[in-house]
$ cat structure.txt   # compact mmCIF, C-alpha atoms
# COMPACT_ATOMS: atom_id res chain seq x y z
CA MET T 1 -88.13 78.73 -20.93
CA ARG T 2 -85.46 76.94 -18.96
CA LEU T 3 -81.94 76.47 -20.35
CA ALA T 4 -79.19 74.20 -19.09
CA ASN T 5 -75.56 73.48 -19.82
CA GLN T 6 -75.50 69.68 -19.74
CA SER T 7 -72.17 68.03 -20.48
CA GLY T 8 -70.98 71.27 -22.06
CA ARG T 9 -73.89 71.49 -24.52
CA LEU T 10 -76.79 73.93 -24.60
CA LYS T 11 -80.10 72.24 -23.78
CA ILE T 12 -83.70 73.37 -23.46
CA VAL T 13 -85.23 71.88 -20.33
CA LEU T 14 -88.71 70.40 -20.73
CA GLY T 15 -89.79 68.88 -17.43
CA GLU T 16 -87.34 66.10 -16.59
CA THR T 17 -85.95 65.97 -20.12
CA VAL T 18 -83.66 68.14 -22.24
CA VAL T 19 -83.55 68.93 -25.95
CA ASP T 20 -80.14 69.45 -27.54
CA VAL T 21 -80.23 72.86 -29.23
CA GLU T 22 -77.66 72.17 -31.94
CA ALA T 23 -79.28 68.88 -32.95
CA ALA T 24 -82.86 70.17 -32.82
CA SER T 25 -81.97 73.26 -34.89
CA ASP T 26 -80.00 71.22 -37.47
CA GLY T 27 -76.90 73.21 -36.56
CA HIS T 28 -78.54 76.64 -36.90
CA PHE T 29 -77.66 77.34 -33.26
CA SER T 30 -74.41 76.29 -31.61
CA ALA T 31 -74.11 73.70 -28.87
CA GLN T 32 -71.91 76.16 -26.95
CA PRO T 33 -74.03 77.67 -24.14
CA GLN T 34 -72.28 81.04 -24.16
CA GLU T 35 -72.88 81.72 -27.84
CA VAL T 36 -76.67 81.77 -27.61
CA PHE T 37 -76.74 85.22 -25.99
CA ASP T 38 -75.34 86.91 -29.11
CA ARG T 39 -78.48 85.75 -30.98
CA TRP T 40 -80.90 85.87 -28.10
CA GLU T 41 -83.98 87.35 -29.80
CA GLU T 42 -83.64 85.01 -32.77
CA PHE T 43 -83.12 82.07 -30.43
CA LEU T 44 -86.23 82.90 -28.39
CA ALA T 45 -88.39 82.89 -31.50
CA TRP T 46 -87.03 79.51 -32.60
CA ALA T 47 -87.16 77.94 -29.12
CA ALA T 48 -90.89 78.65 -28.86
CA THR T 49 -91.43 76.02 -31.59
CA VAL T 50 -89.36 73.24 -29.98
CA GLU T 51 -91.09 70.02 -28.99
CA ALA T 52 -89.97 67.21 -26.70
CA ARG T 53 -89.45 64.67 -29.47
CA GLY T 54 -85.99 63.13 -29.24
CA ALA T 55 -85.43 64.54 -25.78
CA ASP T 56 -82.84 63.07 -23.41
CA PRO T 57 -83.01 62.73 -19.62
CA LEU T 58 -82.05 65.71 -17.50
CA VAL T 59 -79.00 64.58 -15.49
CA PRO T 60 -78.25 67.00 -12.62
CA SER T 61 -74.73 65.63 -12.08
CA GLU T 62 -73.86 66.63 -15.67
CA LEU T 63 -74.96 70.26 -15.30
CA GLY T 64 -72.39 73.02 -15.64
CA PRO T 65 -72.82 76.77 -15.26
CA PRO T 66 -75.57 77.96 -17.63
CA VAL T 67 -73.36 80.94 -18.51
CA PRO T 68 -69.87 79.41 -18.53
CA ARG T 69 -67.75 82.27 -19.94
CA PRO T 70 -69.31 85.66 -19.18
CA GLY T 71 -67.40 88.65 -20.46
CA GLN T 72 -68.18 90.77 -17.42
CA VAL T 73 -69.33 89.76 -13.94
CA PHE T 74 -70.71 92.60 -11.84
CA ALA T 75 -71.66 92.17 -8.19
CA VAL T 76 -73.64 94.44 -5.93
CA GLY T 77 -72.90 94.69 -2.22
CA ILE T 78 -75.17 95.71 0.67
CA ASN T 79 -78.32 95.59 -1.48
CA TYR T 80 -80.71 94.32 1.22
CA ALA T 81 -81.46 96.57 4.19
CA ASP T 82 -81.11 93.72 6.70
CA HIS T 83 -77.66 92.87 5.31
CA VAL T 84 -76.66 96.53 5.57
CA GLU T 85 -77.67 96.43 9.24
CA GLU T 86 -75.79 93.22 10.08
CA SER T 87 -72.69 94.62 8.34
CA GLY T 88 -72.76 97.77 10.49
CA LEU T 89 -73.08 100.06 7.48
CA THR T 90 -75.51 102.73 6.31
CA LEU T 91 -78.01 102.47 3.48
CA PRO T 92 -76.31 103.29 0.17
CA ASP T 93 -77.47 106.15 -2.05
CA THR T 94 -76.24 104.36 -5.17
CA PRO T 95 -75.38 100.70 -5.84
CA PHE T 96 -72.10 99.52 -4.33
CA VAL T 97 -70.51 97.64 -7.23
CA PHE T 98 -67.45 95.41 -7.45
CA THR T 99 -66.45 92.67 -9.87
CA LYS T 100 -66.01 88.93 -9.66
CA PHE T 101 -63.52 87.64 -12.20
CA PRO T 102 -64.96 85.33 -14.88
CA ALA T 103 -62.44 82.58 -14.08
CA SER T 104 -64.23 82.07 -10.74
CA ILE T 105 -67.42 80.76 -12.42
CA ALA T 106 -68.39 77.21 -11.40
CA GLY T 107 -71.30 74.84 -11.87
CA PRO T 108 -74.23 74.08 -9.57
CA TYR T 109 -72.85 70.80 -8.16
CA ASP T 110 -69.09 71.27 -8.36
CA THR T 111 -66.67 70.58 -5.54
CA ILE T 112 -65.05 73.93 -4.74
CA GLY T 113 -61.51 74.44 -3.55
CA HIS T 114 -61.29 75.85 -0.02
CA PRO T 115 -58.23 78.15 0.25
CA GLY T 116 -58.32 78.33 4.04
CA GLY T 117 -59.26 81.40 5.99
CA SER T 118 -62.82 82.58 6.53
CA VAL T 119 -64.85 81.39 3.53
CA ASP T 120 -68.38 82.77 3.72
CA PHE T 121 -71.62 82.25 1.80
CA GLU T 122 -73.84 84.84 0.08
CA VAL T 123 -76.83 83.53 -1.87
CA GLU T 124 -77.87 85.82 -4.71
CA LEU T 125 -80.21 86.13 -7.65
CA VAL T 126 -78.13 86.58 -10.81
CA ALA T 127 -79.38 88.48 -13.85
CA VAL T 128 -78.04 87.50 -17.29
CA ILE T 129 -77.91 90.19 -19.97
CA GLY T 130 -79.47 89.24 -23.30
CA LYS T 131 -79.24 92.47 -25.27
CA HIS T 132 -76.60 95.20 -25.57
CA ALA T 133 -77.36 97.81 -22.93
CA ALA T 134 -76.09 101.39 -22.87
CA HIS T 135 -77.83 104.24 -21.01
CA VAL T 136 -80.95 102.14 -20.48
CA PRO T 137 -83.90 103.83 -18.71
CA VAL T 138 -85.09 102.04 -15.58
CA ASP T 139 -88.47 101.21 -17.14
CA GLU T 140 -86.65 99.35 -19.93
CA GLY T 141 -84.23 97.47 -17.67
CA TRP T 142 -86.04 94.12 -17.81
CA ASP T 143 -86.06 94.27 -21.63
CA HIS T 144 -82.29 93.70 -21.58
CA VAL T 145 -82.39 90.65 -19.28
CA ALA T 146 -82.28 87.24 -20.99
CA GLY T 147 -82.99 85.34 -17.81
CA LEU T 148 -82.26 84.73 -14.17
CA THR T 149 -80.18 82.13 -12.41
CA LEU T 150 -79.02 81.41 -8.87
CA GLY T 151 -75.56 82.25 -7.59
CA GLN T 152 -73.31 82.18 -4.56
CA ASP T 153 -70.95 85.11 -4.03
CA LEU T 154 -68.47 83.04 -2.02
CA SER T 155 -66.08 85.27 -0.11
CA GLU T 156 -62.80 84.67 1.70
CA ARG T 157 -63.25 87.42 4.26
CA ASP T 158 -59.65 87.59 5.51
CA LEU T 159 -58.37 88.58 2.06
CA GLN T 160 -61.47 90.59 1.17
CA LEU T 161 -61.14 92.81 4.24
CA SER T 162 -57.35 92.87 4.56
CA GLY T 163 -55.31 96.05 4.68
CA PRO T 164 -56.41 99.66 4.64
CA PRO T 165 -58.97 100.92 2.09
CA PRO T 166 -59.28 100.23 -0.79
CA GLN T 167 -59.67 96.62 0.25
CA GLN T 168 -59.52 93.45 -1.84
CA PHE T 169 -63.20 92.81 -2.55
CA SER T 170 -62.73 91.43 -6.06
CA LEU T 171 -59.79 89.17 -5.19
CA GLY T 172 -61.35 87.87 -1.98
CA LYS T 173 -64.46 86.90 -3.93
CA SER T 174 -62.77 85.40 -7.00
CA PHE T 175 -60.90 82.30 -5.95
CA ALA T 176 -61.43 79.41 -8.37
CA GLY T 177 -65.03 78.23 -8.03
CA PHE T 178 -66.15 81.19 -5.91
CA SER T 179 -68.91 82.21 -8.36
CA PRO T 180 -71.06 79.09 -8.80
CA ILE T 181 -74.27 79.60 -10.78
CA GLY T 182 -77.15 77.38 -11.87
CA PRO T 183 -78.69 74.94 -12.00
CA VAL T 184 -80.50 76.46 -14.99
CA LEU T 185 -81.24 79.80 -16.62
CA VAL T 186 -84.93 80.77 -16.49
CA THR T 187 -86.51 83.47 -18.63
CA PRO T 188 -88.34 86.19 -16.63
CA ASP T 189 -91.77 85.22 -17.97
CA GLU T 190 -91.58 81.89 -16.09
CA PHE T 191 -91.83 83.56 -12.66
CA PRO T 192 -95.13 84.39 -10.94
CA ASP T 193 -93.49 87.71 -10.02
CA ARG T 194 -90.06 88.40 -11.48
CA ASP T 195 -89.55 91.16 -8.89
CA ASN T 196 -90.23 88.91 -5.90
CA ILE T 197 -88.24 85.67 -5.94
CA GLU T 198 -87.34 83.78 -2.77
CA VAL T 199 -83.68 82.83 -2.25
CA SER T 200 -82.14 80.86 0.61
CA THR T 201 -78.96 79.22 1.92
CA ALA T 202 -78.56 76.22 4.18
CA LEU T 203 -75.20 75.12 5.57
CA SER T 204 -75.04 71.45 6.56
CA GLY T 205 -78.80 71.41 7.08
CA GLU T 206 -79.08 74.67 9.04
CA LEU T 207 -81.01 77.48 7.37
CA MET T 208 -78.78 80.55 7.20
CA GLN T 209 -80.42 82.95 4.76
CA ARG T 210 -83.92 83.35 3.38
CA SER T 211 -85.48 86.41 1.80
CA GLN T 212 -87.32 87.68 -1.27
CA THR T 213 -85.95 89.95 -3.96
CA ARG T 214 -88.75 92.45 -3.33
CA HIS T 215 -86.47 93.56 -0.48
CA LEU T 216 -83.65 94.57 -2.82
CA ILE T 217 -82.70 98.22 -2.30
CA PHE T 218 -81.83 98.49 -5.99
CA PRO T 219 -83.87 95.94 -7.99
CA VAL T 220 -82.81 94.36 -11.27
CA PRO T 221 -84.02 97.09 -13.69
CA VAL T 222 -82.36 99.79 -11.59
CA LEU T 223 -79.07 97.87 -11.62
CA VAL T 224 -79.24 97.43 -15.40
CA SER T 225 -79.93 101.14 -15.81
CA TYR T 226 -77.22 102.24 -13.38
CA LEU T 227 -74.47 99.98 -14.71
CA SER T 228 -75.29 100.71 -18.35
CA SER T 229 -75.02 104.44 -17.67
CA ILE T 230 -71.32 103.87 -16.97
CA VAL T 231 -70.20 100.86 -18.99
CA PRO T 232 -71.95 98.99 -21.83
CA LEU T 233 -73.48 95.68 -20.80
CA ARG T 234 -73.07 92.92 -23.36
CA PRO T 235 -75.03 89.74 -24.04
CA GLY T 236 -73.99 87.03 -21.59
CA ASP T 237 -72.76 89.41 -18.88
CA LEU T 238 -73.80 88.63 -15.29
CA ILE T 239 -75.08 90.81 -12.47
CA PHE T 240 -74.96 89.27 -8.97
CA THR T 241 -77.69 91.36 -7.36
CA GLY T 242 -76.74 91.15 -3.67
CA THR T 243 -77.31 88.96 -0.64
CA PRO T 244 -79.77 89.18 2.27
CA ALA T 245 -78.93 88.96 5.97
CA GLY T 246 -77.62 85.79 7.56
CA ILE T 247 -74.02 85.59 6.37
CA GLY T 248 -71.71 83.56 8.55
CA TYR T 249 -69.00 86.15 9.21
CA THR T 250 -71.16 88.50 11.31
CA ARG T 251 -72.86 85.76 13.36
CA GLU T 252 -72.14 85.25 17.05
CA PRO T 253 -70.45 82.82 17.12
CA ARG T 254 -69.02 83.20 13.63
CA ARG T 255 -70.07 80.41 11.23
CA VAL T 256 -67.97 80.14 8.11
CA ILE T 257 -67.65 77.23 5.67
CA GLY T 258 -65.54 74.24 6.74
CA LEU T 259 -64.28 71.29 4.75
CA ASP T 260 -67.02 69.03 6.14
CA ASP T 261 -69.87 71.36 5.19
CA GLU T 262 -72.39 71.06 2.39
CA LEU T 263 -73.73 74.36 1.06
CA VAL T 264 -77.25 74.21 -0.38
CA SER T 265 -78.58 77.27 -2.21
CA ARG T 266 -82.14 77.61 -3.48
CA ALA T 267 -84.18 80.03 -5.57
CA GLU T 268 -87.87 79.91 -6.34
CA VAL T 269 -88.58 78.43 -9.81
CA ILE T 270 -84.84 78.19 -10.64
CA GLY T 271 -84.01 75.29 -8.31
CA GLU T 272 -81.10 74.44 -6.04
CA MET T 273 -77.32 74.11 -6.06
CA ARG T 274 -75.29 71.81 -3.79
CA HIS T 275 -71.60 72.32 -3.10
CA ARG T 276 -68.91 70.49 -1.16
CA PHE T 277 -65.42 71.80 -0.48
CA ALA T 278 -61.92 70.38 -0.76
CA PRO T 279 -58.63 71.79 0.57
CA THR T 280 -56.57 73.90 -1.79
CA HIS T 281 -52.89 74.49 -1.17
CA ARG T 282 -52.24 78.21 -1.21
CA THR T 283 -48.80 79.81 -1.03
CA HIS T 284 -48.79 83.53 -0.40
CA PRO T 285 -46.44 85.01 -3.04
CA LEU T 286 -45.59 88.08 -0.97
CA ASP T 287 -44.48 85.91 1.95
CA THR T 288 -42.30 83.91 -0.45
CA ALA T 289 -40.81 87.10 -1.87
CA VAL T 290 -39.94 88.43 1.58
CA ARG T 291 -38.22 85.18 2.55
CA ALA T 292 -36.24 85.29 -0.68
CA GLY T 293 -35.10 88.85 0.03
CA HIS T 294 -36.93 90.44 -2.93
CA LEU T 295 -39.00 92.73 -0.72
CA ALA T 296 -37.84 94.80 2.22
$ encode --input "structure.txt" --output "structure tokens"
Amino acid sequence: MRLANQSGRLKIVLGETVVDVEAASDGHFSAQPQEVFDRWEEFLAWAATVEARGADPLVPSELGPPVPRPGQVFAVGINYADHVEESGLTLPDTPFVFTKFPASIAGPYDTIGHPGGSVDFEVELVAVIGKHAAHVPVDEGWDHVAGLTLGQDLSERDLQLSGPPPQQFSLGKSFAGFSPIGPVLVTPDEFPDRDNIEVSTALSGELMQRSQTRHLIFPVPVLVSYLSSIVPLRPGDLIFTGTPAGIGYTREPRRVIGLDDELVSRAEVIGEMRHRFAPTHRTHPLDTAVRAGHLA
């Protein structure tokens, strides 16, 4: 099954058409895309009976993030060996986890504010939790995943890497629009191999990243198990699973996102996202405070 958030309403995607969930269920299920995850098993059973009668056209320009208001957004760094190598790091023994704040979620075709500095791209497969998860064994990890979508872990490297450790990973990766996801949510059964999905990034027509999720150091069920051993995962939470090699910041010469660039992200079966960027005025509050004499 493929789900979309079209014009703020939950839709089931059937080919090039969509069925409005609230209308087709006579109000049994809400039109709000986020609410479906709290009744995921019940929704799956009902959705299997849906037909294309009364369907509307799928309009890509009207698509928003398929999970618009996640409660928790986890992200995993250095989870491909080739990305570990290009970052000059060593292979991790356990997942390296940080958070992206939910207010940074954006849709698959939004224009994203560019705050200046070194804005980089990181294409990622994103797992969406569909069932409460606490202390989940690895072999049951997939049972707690509602579906998969595509994401970009956009990163302003200057802020992310500023100052001595601990550095500002979460802030540098959570500017408004820095967590775009989409274009749809796809249930795991739709993939030929849910453990081997190709993802890629192109920047203004130049291929930057391409890999398969079989190369993840810690695959989806391991991440679900590991995270749920520490904090409960709730329906509608997101896990950005990590990016492969090819990021712009470590290239020679460095290639980060400019205002004239178009960022195209793709994932097998899920589809593609396209993003443009617009300047965002950013005033550094600490600089303002120093000028005003509030900080020494």
$ closest_atom_pairs --input "structure.txt" --of "range 152-226 of chain T" --to "range 56-62 of chain T" --cutoff "12 Å" --atoms "all atoms listed in the file" --output "JSON lines"
{"residue": "T:Gly182", "atom": "CA", "partner": "T:Pro60", "partner_atom": "CA", "distance": 10.5}
{"residue": "T:Pro183", "atom": "CA", "partner": "T:Pro60", "partner_atom": "CA", "distance": 8.0}
{"residue": "T:Val184", "atom": "CA", "partner": "T:Pro60", "partner_atom": "CA", "distance": 10.0}
$ closest_residue --input "structure.txt" --among "T:Gln72, T:Ser87, T:Gln212, T:Ser179" --to "Asp193 in chain T" --atoms "all atoms listed in the file"
T:Gln212
$ closest_residue --input "structure.txt" --among "T:Val138, T:Val18, T:Val231, T:Ala176" --to "Gly107 in chain T" --atoms "only C-alpha atoms"
T:Ala176
$ atom_distance --input "structure.txt" --atom1 "CA of Ile105 in chain T" --atom2 "CA of Phe191 in chain T"
24.6 Å
$ residues_near_point --input "structure.txt" --point "(-85.1, 80.1, -0.9)" --cutoff "7 Å" --atoms "all atoms listed in the file" --output "VMD selection string"
chain T and resid 198 to 201 210 to 211 266 to 268
$ closest_residue --input "structure.txt" --among "T:His215, T:His28, T:Ala146, T:Leu161" --to "Pro188 in chain T" --atoms "only C-alpha atoms"
T:Ala146
$ residues_around --input "structure.txt" --residues "Leu185 in chain T" --least-positions-apart "4" --cutoff "12 Å" --atoms "only C-alpha atoms" --output "MDAnalysis selection string"
chainID T and resid 1:5 10:13 33:34 37 63:68 108 125:130 145:151 181 189:191 236 238 267 269:272
$ axis_aligned_box --input "structure.txt" --around "range 156-163 of chain T" --padding-each-side "4 Å" --output "AutoDock Vina command-line options"
--center_x -59.3 --center_y 90.4 --center_z 3.3 --size_x 15.9 --size_y 19.4 --size_z 12.3
$ closest_residue --input "structure.txt" --among "T:Val222, T:Ala24, T:Met208, T:Leu91" --to "Val123 in chain T" --atoms "only C-alpha atoms"
T:Met208
$ closest_residue --input "structure.txt" --among "T:Gln152, T:Thr99, T:Gln168, T:Thr187" --to "Ala202 in chain T" --atoms "only C-alpha atoms"
T:Gln152
$ closest_residue --input "structure.txt" --among "T:Ser155, T:Gln209, T:Ser25, T:Thr90" --to "Ser170 in chain T" --atoms "all atoms listed in the file"
T:Ser155
$ atom_distance --input "structure.txt" --atom1 "CA of Ala23 in chain T" --atom2 "CA of Leu44 in chain T"
16.3 Å
$ atom_distance --input "structure.txt" --atom1 "CA of Asp20 in chain T" --atom2 "CA of Trp40 in chain T"
16.4 Å
$ residues_around --input "structure.txt" --residues "Arg39 in chain T" --least-positions-apart "4" --cutoff "10 Å" --atoms "only C-alpha atoms" --output "list in words"
Phe29, Glu35, Phe43, Leu44, Gly130, Lys131 and Pro235 of chain T
$ write_last_selection --input "structure.txt" --atoms "C-alpha atoms" --output "PDB file, in the frame of the given file"
ATOM      1  CA  PHE T  29     -77.660  77.340 -33.260  1.00  0.00           C
ATOM      2  CA  GLU T  35     -72.880  81.720 -27.840  1.00  0.00           C
ATOM      3  CA  PHE T  43     -83.120  82.070 -30.430  1.00  0.00           C
ATOM      4  CA  LEU T  44     -86.230  82.900 -28.390  1.00  0.00           C
ATOM      5  CA  GLY T 130     -79.470  89.240 -23.300  1.00  0.00           C
ATOM      6  CA  LYS T 131     -79.240  92.470 -25.270  1.00  0.00           C
ATOM      7  CA  PRO T 235     -75.030  89.740 -24.040  1.00  0.00           C
TER       8      PRO T 235
END
